[in-house]
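A.B. asks: Coordinates in start-v8.cif, mmCIF, C-alpha atoms and all ligand atoms, are listed below.
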```cif
data_query
loop_
_atom_site.group_PDB
_atom_site.id
_atom_site.type_symbol
_atom_site.label_atom_id
_atom_site.label_comp_id
_atom_site.auth_asym_id
_atom_site.auth_seq_id
_atom_site.Cartn_x
_atom_site.Cartn_y
_atom_site.Cartn_z
ATOM 1 C CA MET A 5 56.856 59.537 148.892
ATOM 2 C CA ALA A 6 56.192 60.128 145.201
ATOM 3 C CA THR A 7 58.834 61.536 142.885
ATOM 4 C CA LEU A 8 57.304 64.680 141.456
ATOM 5 C CA GLY A 9 58.075 66.516 138.206
ATOM 6 C CA ASN A 10 55.422 64.820 136.098
ATOM 7 C CA PRO A 11 51.670 65.496 135.746
ATOM 8 C CA THR A 12 50.505 62.079 137.033
ATOM 9 C CA ASN A 13 52.263 62.228 140.405
ATOM 10 C CA THR A 14 51.505 65.930 140.844
ATOM 11 C CA ILE A 15 47.767 65.330 140.300
ATOM 12 C CA ALA A 16 47.865 62.363 142.716
ATOM 13 C CA VAL A 17 49.372 64.552 145.482
ATOM 14 C CA LEU A 18 46.933 67.407 144.813
ATOM 15 C CA GLN A 19 43.950 65.030 144.974
ATOM 16 C CA LYS A 20 45.158 63.215 148.076
ATOM 17 C CA TYR A 21 45.261 66.525 149.979
ATOM 18 C CA HIS A 22 42.217 68.110 148.239
ATOM 19 C CA PHE A 23 44.471 71.007 147.306
ATOM 20 C CA ASN A 24 43.002 73.910 145.333
ATOM 21 C CA PHE A 25 45.341 76.300 143.507
ATOM 22 C CA GLN A 26 45.417 79.832 144.909
ATOM 23 C CA LYS A 27 45.652 82.364 142.110
ATOM 24 C CA LYS A 28 46.560 85.127 144.573
ATOM 25 C CA PHE A 29 49.781 83.235 145.434
ATOM 26 C CA GLY A 30 50.858 82.830 141.795
ATOM 27 C CA GLN A 31 50.688 79.024 141.989
ATOM 28 C CA ASN A 32 51.840 77.374 138.754
ATOM 29 C CA PHE A 33 53.628 74.143 139.583
ATOM 30 C CA LEU A 34 56.343 72.680 137.351
ATOM 31 C CA VAL A 35 55.483 69.287 135.855
ATOM 32 C CA ASP A 36 58.419 68.727 133.510
ATOM 33 C CA ALA A 37 61.427 66.703 134.727
ATOM 34 C CA ASN A 38 63.595 67.858 131.834
ATOM 35 C CA ILE A 39 63.145 71.552 132.767
ATOM 36 C CA LEU A 40 63.740 70.788 136.457
ATOM 37 C CA GLU A 41 67.025 69.048 135.659
ATOM 38 C CA LYS A 42 68.105 71.966 133.481
ATOM 39 C CA ILE A 43 67.347 74.451 136.281
ATOM 40 C CA ILE A 44 69.537 72.464 138.694
ATOM 41 C CA LEU A 45 72.332 72.437 136.093
ATOM 42 C CA SER A 46 71.927 76.178 135.394
ATOM 43 C CA ALA A 47 72.105 76.965 139.116
ATOM 44 C CA ASP A 48 75.260 74.817 139.300
ATOM 45 C CA ILE A 49 74.155 73.174 142.566
ATOM 46 C CA LYS A 50 77.031 71.387 144.313
ATOM 47 C CA SER A 51 77.011 68.895 147.191
ATOM 48 C CA ASP A 52 78.267 71.468 149.729
ATOM 49 C CA ASP A 53 75.825 74.237 148.740
ATOM 50 C CA CYS A 54 73.212 75.831 150.963
ATOM 51 C CA VAL A 55 70.190 76.729 148.821
ATOM 52 C CA LEU A 56 67.195 78.946 149.497
ATOM 53 C CA GLU A 57 64.060 78.027 147.598
ATOM 54 C CA ILE A 58 61.286 80.605 147.490
ATOM 55 C CA GLY A 59 57.823 79.050 147.142
ATOM 56 C CA PRO A 60 58.394 75.268 147.086
ATOM 57 C CA GLY A 61 54.728 74.550 146.240
ATOM 58 C CA ILE A 62 54.249 70.802 146.707
ATOM 59 C CA GLY A 63 58.039 70.347 146.760
ATOM 60 C CA THR A 64 58.746 69.403 143.151
ATOM 61 C CA MET A 65 61.960 71.392 142.694
ATOM 62 C CA THR A 66 62.759 70.995 146.395
ATOM 63 C CA GLN A 67 63.193 67.237 145.835
ATOM 64 C CA TYR A 68 65.792 67.938 143.138
ATOM 65 C CA LEU A 69 67.528 70.492 145.395
ATOM 66 C CA CYS A 70 67.590 68.086 148.372
ATOM 67 C CA GLU A 71 69.173 65.412 146.164
ATOM 68 C CA ASN A 72 71.941 67.765 145.015
ATOM 69 C CA ALA A 73 72.675 70.288 147.803
ATOM 70 C CA ARG A 74 73.958 69.957 151.374
ATOM 71 C CA GLU A 75 71.219 72.081 152.909
ATOM 72 C CA VAL A 76 67.927 73.487 151.595
ATOM 73 C CA VAL A 77 65.736 76.164 153.170
ATOM 74 C CA ALA A 78 62.282 76.404 151.587
ATOM 75 C CA VAL A 79 60.015 79.375 152.401
ATOM 76 C CA GLU A 80 56.333 78.884 151.510
ATOM 77 C CA ILE A 81 53.513 81.341 152.278
ATOM 78 C CA ASP A 82 50.557 78.954 151.778
ATOM 79 C CA LYS A 83 49.919 77.059 155.025
ATOM 80 C CA LYS A 84 47.877 74.413 153.167
ATOM 81 C CA LEU A 85 51.066 73.248 151.444
ATOM 82 C CA ILE A 86 53.043 72.728 154.656
ATOM 83 C CA PRO A 87 51.577 69.316 155.651
ATOM 84 C CA ILE A 88 52.067 68.080 152.070
ATOM 85 C CA LEU A 89 55.747 69.043 152.220
ATOM 86 C CA LYS A 90 56.412 67.846 155.771
ATOM 87 C CA GLU A 91 54.400 64.650 155.867
ATOM 88 C CA ASP A 92 54.679 63.546 152.304
ATOM 89 C CA THR A 93 56.813 64.892 149.467
ATOM 90 C CA LEU A 94 59.870 65.938 151.531
ATOM 91 C CA SER A 95 59.442 63.555 154.471
ATOM 92 C CA SER A 96 62.394 61.385 153.524
ATOM 93 C CA TYR A 97 64.914 64.265 153.416
ATOM 94 C CA ASN A 98 66.786 65.383 156.518
ATOM 95 C CA ASN A 99 68.570 68.280 154.811
ATOM 96 C CA VAL A 100 65.552 70.569 154.362
ATOM 97 C CA THR A 101 64.020 73.236 156.608
ATOM 98 C CA ILE A 102 60.484 74.307 155.710
ATOM 99 C CA ILE A 103 59.418 77.773 156.824
ATOM 100 C CA ASN A 104 55.756 78.838 156.562
ATOM 101 C CA GLU A 105 56.209 82.594 155.958
ATOM 102 C CA ASP A 106 55.949 85.374 153.437
ATOM 103 C CA ILE A 107 59.426 85.613 151.866
ATOM 104 C CA LEU A 108 59.191 89.413 152.015
ATOM 105 C CA LYS A 109 58.967 89.201 155.828
ATOM 106 C CA VAL A 110 61.730 86.659 156.463
ATOM 107 C CA ASP A 111 65.087 87.797 157.894
ATOM 108 C CA MET A 112 67.248 86.196 155.222
ATOM 109 C CA ASN A 113 70.494 87.382 156.774
ATOM 110 C CA ALA A 114 69.626 85.481 159.973
ATOM 111 C CA ILE A 115 68.915 82.309 157.959
ATOM 112 C CA VAL A 116 72.241 82.571 156.121
ATOM 113 C CA ARG A 117 74.063 83.056 159.426
ATOM 114 C CA GLU A 118 72.349 80.038 160.965
ATOM 115 C CA LYS A 119 72.444 77.644 158.022
ATOM 116 C CA ASN A 120 75.611 78.609 156.178
ATOM 117 C CA ALA A 121 77.775 80.404 158.781
ATOM 118 C CA GLY A 122 77.115 83.689 156.935
ATOM 119 C CA LYS A 123 78.725 82.440 153.697
ATOM 120 C CA PRO A 124 77.037 83.125 150.332
ATOM 121 C CA ILE A 125 74.061 80.940 149.447
ATOM 122 C CA LYS A 126 72.408 80.122 146.127
ATOM 123 C CA VAL A 127 68.792 81.068 145.546
ATOM 124 C CA VAL A 128 66.700 78.891 143.233
ATOM 125 C CA ALA A 129 62.987 79.408 142.589
ATOM 126 C CA ASN A 130 60.073 79.195 140.254
ATOM 127 C CA LEU A 131 58.921 82.596 141.461
ATOM 128 C CA PRO A 132 55.365 83.743 142.103
ATOM 129 C CA TYR A 133 55.181 86.302 139.266
ATOM 130 C CA TYR A 134 53.096 88.876 141.157
ATOM 131 C CA ILE A 135 56.081 89.743 143.377
ATOM 132 C CA THR A 136 59.132 88.952 141.209
ATOM 133 C CA THR A 137 60.688 92.423 141.478
ATOM 134 C CA PRO A 138 60.215 92.974 145.241
ATOM 135 C CA ILE A 139 61.672 89.518 145.953
ATOM 136 C CA ILE A 140 64.795 90.027 143.820
ATOM 137 C CA MET A 141 65.361 93.627 144.910
ATOM 138 C CA GLY A 142 64.724 92.656 148.543
ATOM 139 C CA LEU A 143 67.484 90.024 148.375
ATOM 140 C CA PHE A 144 69.955 92.465 146.802
ATOM 141 C CA GLU A 145 69.132 95.549 148.862
ATOM 142 C CA SER A 146 69.233 93.765 152.212
ATOM 143 C CA HIS A 147 72.738 92.581 151.237
ATOM 144 C CA VAL A 148 72.012 88.901 151.890
ATOM 145 C CA PRO A 149 75.275 86.990 151.180
ATOM 146 C CA LEU A 150 74.546 85.548 147.743
ATOM 147 C CA GLU A 151 76.436 83.628 145.111
ATOM 148 C CA SER A 152 73.660 83.562 142.547
ATOM 149 C CA ILE A 153 69.910 83.733 142.014
ATOM 150 C CA THR A 154 68.528 81.294 139.413
ATOM 151 C CA VAL A 155 64.836 81.914 138.899
ATOM 152 C CA MET A 156 61.898 81.280 136.619
ATOM 153 C CA VAL A 157 60.240 84.586 135.772
ATOM 154 C CA GLN A 158 57.913 85.985 133.137
ATOM 155 C CA LYS A 159 59.824 86.110 129.827
ATOM 156 C CA GLU A 160 59.437 89.897 129.434
ATOM 157 C CA VAL A 161 60.809 90.459 132.935
ATOM 158 C CA ALA A 162 63.890 88.327 132.157
ATOM 159 C CA GLN A 163 64.389 90.440 129.047
ATOM 160 C CA ARG A 164 64.104 93.690 131.042
ATOM 161 C CA MET A 165 66.743 92.504 133.498
ATOM 162 C CA GLN A 166 69.406 91.874 130.889
ATOM 163 C CA VAL A 167 69.062 94.684 128.304
ATOM 164 C CA GLY A 168 71.238 97.793 128.005
ATOM 165 C CA PRO A 169 70.612 101.462 127.127
ATOM 166 C CA GLY A 170 68.619 102.488 124.075
ATOM 167 C CA THR A 171 66.166 99.567 124.065
ATOM 168 C CA LYS A 172 62.484 99.827 124.945
ATOM 169 C CA ASP A 173 62.766 97.286 127.762
ATOM 170 C CA TYR A 174 65.669 99.126 129.461
ATOM 171 C CA GLY A 175 64.655 100.690 132.752
ATOM 172 C CA ALA A 176 65.086 100.925 136.513
ATOM 173 C CA LEU A 177 64.939 97.110 136.897
ATOM 174 C CA SER A 178 67.722 96.569 134.309
ATOM 175 C CA LEU A 179 69.986 99.065 136.091
ATOM 176 C CA ALA A 180 69.273 97.751 139.577
ATOM 177 C CA VAL A 181 69.856 94.115 138.600
ATOM 178 C CA GLN A 182 73.028 94.951 136.661
ATOM 179 C CA TYR A 183 74.425 97.007 139.558
ATOM 180 C CA TYR A 184 74.272 93.939 141.786
ATOM 181 C CA ALA A 185 74.700 91.037 139.358
ATOM 182 C CA GLU A 186 75.577 89.688 135.936
ATOM 183 C CA PRO A 187 72.296 88.532 134.332
ATOM 184 C CA LYS A 188 72.076 85.666 131.848
ATOM 185 C CA VAL A 189 68.907 84.164 130.384
ATOM 186 C CA MET A 190 69.404 80.390 130.542
ATOM 187 C CA MET A 191 66.301 79.071 128.738
ATOM 188 C CA SER A 192 62.734 79.769 127.654
ATOM 189 C CA VAL A 193 60.034 77.622 129.227
ATOM 190 C CA PRO A 194 56.660 77.049 127.535
ATOM 191 C CA ALA A 195 53.396 77.340 129.483
ATOM 192 C CA SER A 196 52.773 73.600 128.927
ATOM 193 C CA CYS A 197 55.473 72.778 131.533
ATOM 194 C CA PHE A 198 53.270 74.126 134.366
ATOM 195 C CA MET A 199 50.071 73.104 136.106
ATOM 196 C CA PRO A 200 47.868 75.113 135.788
ATOM 197 C CA ARG A 201 49.268 76.722 132.616
ATOM 198 C CA PRO A 202 50.133 80.404 133.098
ATOM 199 C CA ASN A 203 48.941 82.774 130.380
ATOM 200 C CA VAL A 204 52.413 84.239 129.887
ATOM 201 C CA ASP A 205 55.660 82.771 128.583
ATOM 202 C CA SER A 206 58.426 82.099 131.076
ATOM 203 C CA ALA A 207 62.220 82.056 131.157
ATOM 204 C CA VAL A 208 64.912 81.012 133.597
ATOM 205 C CA ILE A 209 67.412 83.771 134.348
ATOM 206 C CA LYS A 210 70.606 83.433 136.374
ATOM 207 C CA LEU A 211 71.885 86.487 138.246
ATOM 208 C CA THR A 212 75.484 85.939 139.336
ATOM 209 C CA HIS A 213 76.249 88.329 142.180
ATOM 210 C CA HIS A 214 79.144 90.749 141.561
ATOM 211 C CA GLU A 215 81.904 90.592 144.149
ATOM 212 C CA LYS A 216 81.901 94.351 143.952
ATOM 213 C CA PRO A 217 79.554 96.580 141.943
ATOM 214 C CA PRO A 218 80.765 97.449 138.416
ATOM 215 C CA VAL A 219 80.556 101.197 139.212
ATOM 216 C CA GLN A 220 81.490 103.229 142.272
ATOM 217 C CA VAL A 221 78.916 105.649 143.668
ATOM 218 C CA LYS A 222 78.994 107.696 146.859
ATOM 219 C CA GLU A 223 75.354 107.054 147.810
ATOM 220 C CA GLU A 224 73.630 103.995 146.331
ATOM 221 C CA LYS A 225 70.181 105.079 147.500
ATOM 222 C CA ARG A 226 70.478 108.500 145.886
ATOM 223 C CA MET A 227 71.544 106.903 142.586
ATOM 224 C CA PHE A 228 68.513 104.597 142.627
ATOM 225 C CA ASP A 229 66.174 107.509 143.520
ATOM 226 C CA ILE A 230 67.537 109.342 140.464
ATOM 227 C CA ILE A 231 67.188 106.234 138.265
ATOM 228 C CA ARG A 232 63.571 105.706 139.358
ATOM 229 C CA ALA A 233 62.755 109.367 138.688
ATOM 230 C CA ALA A 234 64.457 109.182 135.264
ATOM 231 C CA PHE A 235 62.207 106.318 134.135
ATOM 232 C CA ASN A 236 59.024 107.491 135.863
ATOM 233 C CA GLN A 237 58.189 109.704 132.919
ATOM 234 C CA ARG A 238 59.879 107.896 130.045
ATOM 235 C CA ARG A 239 58.746 110.326 127.353
ATOM 236 C CA LYS A 240 60.179 113.372 129.098
ATOM 237 C CA THR A 241 63.767 114.528 128.875
ATOM 238 C CA LEU A 242 65.998 113.491 131.759
ATOM 239 C CA VAL A 243 66.278 117.115 132.892
ATOM 240 C CA ASN A 244 62.506 117.513 133.149
ATOM 241 C CA SER A 245 61.987 114.115 134.814
ATOM 242 C CA LEU A 246 64.570 114.887 137.486
ATOM 243 C CA ASN A 247 63.475 118.478 137.928
ATOM 244 C CA ASN A 248 59.842 117.377 138.408
ATOM 245 C CA ALA A 249 60.663 114.542 140.794
ATOM 246 C CA GLU A 250 59.352 115.244 144.266
ATOM 247 C CA GLY A 251 61.791 114.528 147.034
ATOM 248 C CA LEU A 252 64.910 114.884 144.895
ATOM 249 C CA ASN A 253 64.939 118.709 145.098
ATOM 250 C CA LEU A 254 67.227 119.160 142.124
ATOM 251 C CA ASN A 255 67.889 122.365 140.279
ATOM 252 C CA LYS A 256 67.419 122.484 136.502
ATOM 253 C CA GLU A 257 70.498 124.609 135.727
ATOM 254 C CA ASN A 258 72.674 122.361 137.821
ATOM 255 C CA ILE A 259 71.363 119.172 136.120
ATOM 256 C CA LEU A 260 72.031 120.780 132.719
ATOM 257 C CA ALA A 261 75.550 121.753 133.756
ATOM 258 C CA VAL A 262 76.367 118.222 134.924
ATOM 259 C CA LEU A 263 74.932 116.703 131.714
ATOM 260 C CA GLU A 264 77.060 119.107 129.678
ATOM 261 C CA SER A 265 80.166 118.137 131.637
ATOM 262 C CA MET A 266 79.354 114.508 130.703
ATOM 263 C CA GLY A 267 79.108 115.434 127.011
ATOM 264 C CA LEU A 268 75.345 114.712 126.953
ATOM 265 C CA PRO A 269 72.796 116.957 125.187
ATOM 266 C CA ALA A 270 70.127 118.847 127.175
ATOM 267 C CA THR A 271 67.460 116.773 125.375
ATOM 268 C CA VAL A 272 68.826 113.380 126.452
ATOM 269 C CA ARG A 273 66.376 110.863 127.947
ATOM 270 C CA GLY A 274 67.052 108.542 130.863
ATOM 271 C CA GLU A 275 66.891 105.472 128.610
ATOM 272 C CA ALA A 276 70.124 106.584 126.878
ATOM 273 C CA LEU A 277 72.293 106.603 130.021
ATOM 274 C CA THR A 278 74.491 103.730 131.173
ATOM 275 C CA LEU A 279 74.836 102.650 134.798
ATOM 276 C CA ALA A 280 78.218 104.447 134.980
ATOM 277 C CA GLN A 281 76.596 107.663 133.742
ATOM 278 C CA PHE A 282 73.832 107.444 136.363
ATOM 279 C CA ALA A 283 76.493 106.909 139.047
ATOM 280 C CA TYR A 284 78.385 110.008 137.849
ATOM 281 C CA LEU A 285 75.181 112.056 137.760
ATOM 282 C CA ALA A 286 74.274 110.970 141.307
ATOM 283 C CA ASP A 287 77.729 111.943 142.573
ATOM 284 C CA PHE A 288 77.846 115.386 140.954
ATOM 285 C CA VAL A 289 74.318 116.765 140.745
ATOM 286 C CA LYS A 290 73.534 118.985 143.782
ATOM 287 C CA ASN A 291 70.358 119.387 145.819
HETATM 288 N N1 LIG A 301 58.306 75.661 143.296
HETATM 289 C C1 LIG A 301 57.018 75.135 142.929
HETATM 290 C C2 LIG A 301 57.088 74.515 141.539
HETATM 291 O O1 LIG A 301 57.983 74.908 140.793
HETATM 292 O O2 LIG A 301 56.265 73.663 141.223
HETATM 293 C C3 LIG A 301 55.910 76.198 142.993
HETATM 294 C C4 LIG A 301 56.142 77.459 142.200
HETATM 295 S S1 LIG A 301 54.758 78.557 142.145
HETATM 296 C C5 LIG A 301 55.094 79.454 140.673
HETATM 297 C C6 LIG A 301 55.119 79.803 143.354
HETATM 298 C C7 LIG A 301 55.073 79.356 144.806
HETATM 299 O O3 LIG A 301 55.382 80.478 145.646
HETATM 300 C C8 LIG A 301 53.719 78.854 145.281
HETATM 301 O O4 LIG A 301 53.888 77.682 146.016
HETATM 302 C C9 LIG A 301 53.183 79.971 146.184
HETATM 303 O O5 LIG A 301 52.299 79.523 147.186
HETATM 304 C C10 LIG A 301 54.488 80.518 146.751
HETATM 305 N N2 LIG A 301 54.428 81.935 147.199
HETATM 306 C C11 LIG A 301 53.659 82.940 146.690
HETATM 307 N N3 LIG A 301 53.887 84.086 147.346
HETATM 308 C C12 LIG A 301 54.842 83.813 148.282
HETATM 309 C C13 LIG A 301 55.483 84.609 149.282
HETATM 310 N N4 LIG A 301 55.209 85.910 149.438
HETATM 311 N N5 LIG A 301 56.390 84.012 150.092
HETATM 312 C C14 LIG A 301 56.677 82.678 149.950
HETATM 313 N N6 LIG A 301 56.083 81.883 149.029
HETATM 314 C C15 LIG A 301 55.182 82.444 148.199
#
```
Write the structure described by the file as structure tokens, please.
Ligand code: SAM
C.D. replies:
Amino acid sequence: MATLGNPTNTIAVLQKYHFNFQKKFGQNFLVDANILEKIILSADIKSDDCVLEIGPGIGTMTQYLCENAREVVAVEIDKKLIPILKEDTLSSYNNVTIINEDILKVDMNAIVREKNAGKPIKVVANLPYYITTPIIMGLFESHVPLESITVMVQKEVAQRMQVGPGTKDYGALSLAVQYYAEPKVMMSVPASCFMPRPNVDSAVIKLTHHEKPPVQVKEEKRMFDIIRAAFNQRRKTLVNSLNNAEGLNLNKENILAVLESMGLPATVRGEALTLAQFAYLADFVKN
């Protein structure tokens, strides 16, 4: 079994198995040991941790996780990678379970019950960028017991997750992530650390799950429907965006009255509101 995390050994494994990269699966494998070590440190992996890795690829980061954690579950969609992981790169580890599935279809709660007695796990991944948001939101919204999510994402997406009101990157993703977790960008990662090189810059972000959300809201789903509608038409005022939103069935006068009670002008846009203000709006605006 070769130790991965460098171009020479990665190329040797790829050639041995005649593996061709699949663009549709967002395959950019890490080939930099220094970055891999920093990810493990950022995720704060301890010897009694149970870790979920999404998209192990040829098992580069999985090797680091297996060395540091008690238990690793790795979910990989590409069936061509499974023999590489099982017969070769992870064959000497007895603390890893490899699942050949689409992460969006896996019952994560069942895995956490089975592998960690339902206690919070840590998620670590160099994510496939084409489904970053559905993966992260899926983990949060299905209420999988989580301690933290430490992931490589596109740099702009990391930025969007951590900004506050009044900035151009602030939006539905920022609010959703910040409702569930405390985001912190841990490092930037240049394209040269991957094989093949992606044509975007990357960053590692750590999302530490809140024990309880920072704001109270009667109906989470309704708040997120309102948030999505507020940012659907960024250039419009909040009143018009919400009034136009199909499915919400809100009344313009009532939205204006609630905004006034919050001390906000009728011309305010969604990008100016904090999470607490969206929670208040969701609780008080009527259908
Ligand atoms: N962890 C490896 C590394 O760092 O070298 C590979 C990272 S690569 C950016 C993303 C991985 O996710 C690929 O192995 C890809 O096949 C896998 N993947 C893509 N879509 C997936 C999905 N829906 N479910 C599970 N794995 C997926």
A.B. asks: Could you check the closest approach to A:Lys84 for each of A:Phe144, A:Tyr97, A:Phe198, A:Phe25 and tell me which residue wins, using only C-alpha atoms?
C.D. replies: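 Comparing A:Phe144, A:Tyr97, A:Phe198, A:Phe25 against A:Lys84, the winner is A:Phe25.
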A.B. asks: Taking all atoms listed in the file into account, name the residue in A:Leu108, A:Ile230, A:Leu246, A:Leu69 that is nearest to ligand LIG 301 (chain A).
C.D. replies: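 For ligand LIG 301 (chain A), the nearest of the given residues is A:Leu108.
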A.B. asks: Please enumerate the residues selected by the PyMOL selection byres (((chain A and resi 98) around 10) and not hetatm) when evaluated against the supplied file, formatted as an mmCIF file with C-alpha atoms, keeping the file's coordinate frame.
C.D. replies:
```
data_model
loop_
_atom_site.group_PDB
_atom_site.id
_atom_site.type_symbol
_atom_site.label_atom_id
_atom_site.label_comp_id
_atom_site.auth_asym_id
_atom_site.auth_seq_id
_atom_site.Cartn_x
_atom_site.Cartn_y
_atom_site.Cartn_z
ATOM 1 C CA CYS A 70 67.590 68.086 148.372
ATOM 2 C CA ARG A 74 73.958 69.957 151.374
ATOM 3 C CA GLU A 75 71.219 72.081 152.909
ATOM 4 C CA VAL A 76 67.927 73.487 151.595
ATOM 5 C CA LEU A 94 59.870 65.938 151.531
ATOM 6 C CA SER A 95 59.442 63.555 154.471
ATOM 7 C CA SER A 96 62.394 61.385 153.524
ATOM 8 C CA TYR A 97 64.914 64.265 153.416
ATOM 9 C CA ASN A 99 68.570 68.280 154.811
ATOM 10 C CA VAL A 100 65.552 70.569 154.362
ATOM 11 C CA THR A 101 64.020 73.236 156.608
#
```
A.B. asks: Between atom N6 of ligand LIG 301 (chain A) and atom CA of A:Ile39, what is the spacing in Å?
C.D. replies: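 Going from atom CA of A:Ile39 over to atom N6 of ligand LIG 301 (chain A), I get 20.5 Å.
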A.B. asks: Which value, in Å to one decimal, gives the distance between atom CA of A:Gly175 and atom CA of A:Ile231?
C.D. replies: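 Distance between the two atoms: 8.2 Å.
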A.B. asks: I need the residue nearest A:Ser192 from this list: A:His147, A:Lys42, A:Lys240, A:Lys27. Use all atoms listed in the file for the distance.
C.D. replies: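 That would be A:Lys42, the residue with the smallest distance to A:Ser192.
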A.B. asks: Name the residues that the PyMOL selection byres (((chain A and resi 49-58) around 6) and not hetatm) pulls out of this structure, and write them as a list of chain:residue names.
C.D. replies: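 Given this file, the PyMOL selection byres (((chain A and resi 49-58) around 6) and not hetatm) evaluates to A:Ala47, A:Asp48, A:Gly59, A:Asn72, A:Ala73, A:Arg74, A:Glu75, A:Val76, A:Val77, A:Ala78, A:Val79, A:Ile125, A:Lys126, A:Val127, A:Val128, A:Ala129.
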A.B. asks: Which of these, A:Pro202, A:Ala16, A:Met165, A:Met191, has the shortest distance to ligand LIG 301 (chain A) once you count only C-alpha atoms and all ligand atoms?
C.D. replies: A:Pro202
A.B. asks: Could you list the residues chosen by the PyMOL selection byres (((not hetatm)) within 6 of (chain A and resi 301)) in this structure as an mmCIF file with C-alpha atoms, in the coordinates of the input?
C.D. replies:
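For reference, expr_36.cif as written:
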```cif
data_model
loop_
_atom_site.group_PDB
_atom_site.id
_atom_site.type_symbol
_atom_site.label_atom_id
_atom_site.label_comp_id
_atom_site.auth_asym_id
_atom_site.auth_seq_id
_atom_site.Cartn_x
_atom_site.Cartn_y
_atom_site.Cartn_z
ATOM 1 C CA PHE A 29 49.781 83.235 145.434
ATOM 2 C CA GLY A 30 50.858 82.830 141.795
ATOM 3 C CA GLN A 31 50.688 79.024 141.989
ATOM 4 C CA ASN A 32 51.840 77.374 138.754
ATOM 5 C CA PHE A 33 53.628 74.143 139.583
ATOM 6 C CA LEU A 34 56.343 72.680 137.351
ATOM 7 C CA ILE A 58 61.286 80.605 147.490
ATOM 8 C CA GLY A 59 57.823 79.050 147.142
ATOM 9 C CA PRO A 60 58.394 75.268 147.086
ATOM 10 C CA GLY A 61 54.728 74.550 146.240
ATOM 11 C CA THR A 64 58.746 69.403 143.151
ATOM 12 C CA MET A 65 61.960 71.392 142.694
ATOM 13 C CA VAL A 79 60.015 79.375 152.401
ATOM 14 C CA GLU A 80 56.333 78.884 151.510
ATOM 15 C CA ILE A 81 53.513 81.341 152.278
ATOM 16 C CA ASP A 82 50.557 78.954 151.778
ATOM 17 C CA ASP A 106 55.949 85.374 153.437
ATOM 18 C CA ILE A 107 59.426 85.613 151.866
ATOM 19 C CA LEU A 108 59.191 89.413 152.015
ATOM 20 C CA ASN A 130 60.073 79.195 140.254
ATOM 21 C CA LEU A 131 58.921 82.596 141.461
ATOM 22 C CA PRO A 132 55.365 83.743 142.103
#
```
A.B. asks: Given all atoms listed in the file as the basis, pick out the residue of A:Tyr174, A:Val157, A:Pro169, A:Arg164 nearest to A:Asp205.
C.D. replies: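 Selected residue with least distance to A:Asp205: A:Val157.
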A.B. asks: Taking all atoms listed in the file into account, name the residue in A:Thr241, A:Asn247, A:Thr93, A:Ser178 that is nearest to A:Leu211.
C.D. replies: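 Nearest to A:Leu211: A:Ser178.
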A.B. asks: Go ahead and compute the interatomic distance for atom CA of A:Pro124 and atom CA of A:Ile43, in Å to one decimal.
C.D. replies: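 Taking atom CA of A:Pro124 and atom CA of A:Ile43, their separation equals 19.1 Å.
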A.B. asks: Compute the distance from (72.0, 103.5, 148.3) to each atom, counting only C-alpha atoms, keep the residues with any atom at most 12 Å away, and return them as a PyMOL selection string; use the coordinates of the file.
C.D. replies: chain A and resi 144-147+180+183-184+220-231+283+286-287
A.B. asks: Set the distance at 12 Å and use all atoms listed in the file: which residues neighbour A:Glu160 once local chain neighbours fewer than 2 positions away are removed? I'd like the list as a PyMOL selection string.
C.D. replies: chain A and resi 133+136+156-158+162-167+172-174+177-178+189+192+204-209
A.B. asks: Please report, as AutoDock Vina command-line options, the centre and edge lengths in Å to one decimal of an axis-aligned box covering all listed atoms of stretch 249-257 of chain A with 4 Å per side.
C.D. replies:
```
--center_x 64.9 --center_y 119.6 --center_z 141.4 --size_x 19.1 --size_y 18.1 --size_z 19.3
```
A.B. asks: Show me, as a list of chain:residue names, the residues that have an atom within 10 Å of A:Leu18 when counting all atoms listed in the file, minus same-chain residues fewer than 4 positions from it.
C.D. replies: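 Once the nearby chain positions are removed, what remains is A:Asn13, A:Thr14, A:His22, A:Phe23, A:Asn24, A:Phe25, A:Ile62, A:Leu85, A:Ile88.
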A.B. asks: If you count only C-alpha atoms, which residues fall within 7 Å of A:Asn10, apart from same-chain ones fewer than 4 positions away, as an mmCIF file with C-alpha atoms, keeping the file's coordinate frame?
C.D. replies:
```cif
data_model
loop_
_atom_site.group_PDB
_atom_site.id
_atom_site.type_symbol
_atom_site.label_atom_id
_atom_site.label_comp_id
_atom_site.auth_asym_id
_atom_site.auth_seq_id
_atom_site.Cartn_x
_atom_site.Cartn_y
_atom_site.Cartn_z
ATOM 1 C CA THR A 14 51.505 65.930 140.844
ATOM 2 C CA VAL A 35 55.483 69.287 135.855
ATOM 3 C CA ASP A 36 58.419 68.727 133.510
ATOM 4 C CA ALA A 37 61.427 66.703 134.727
#
```
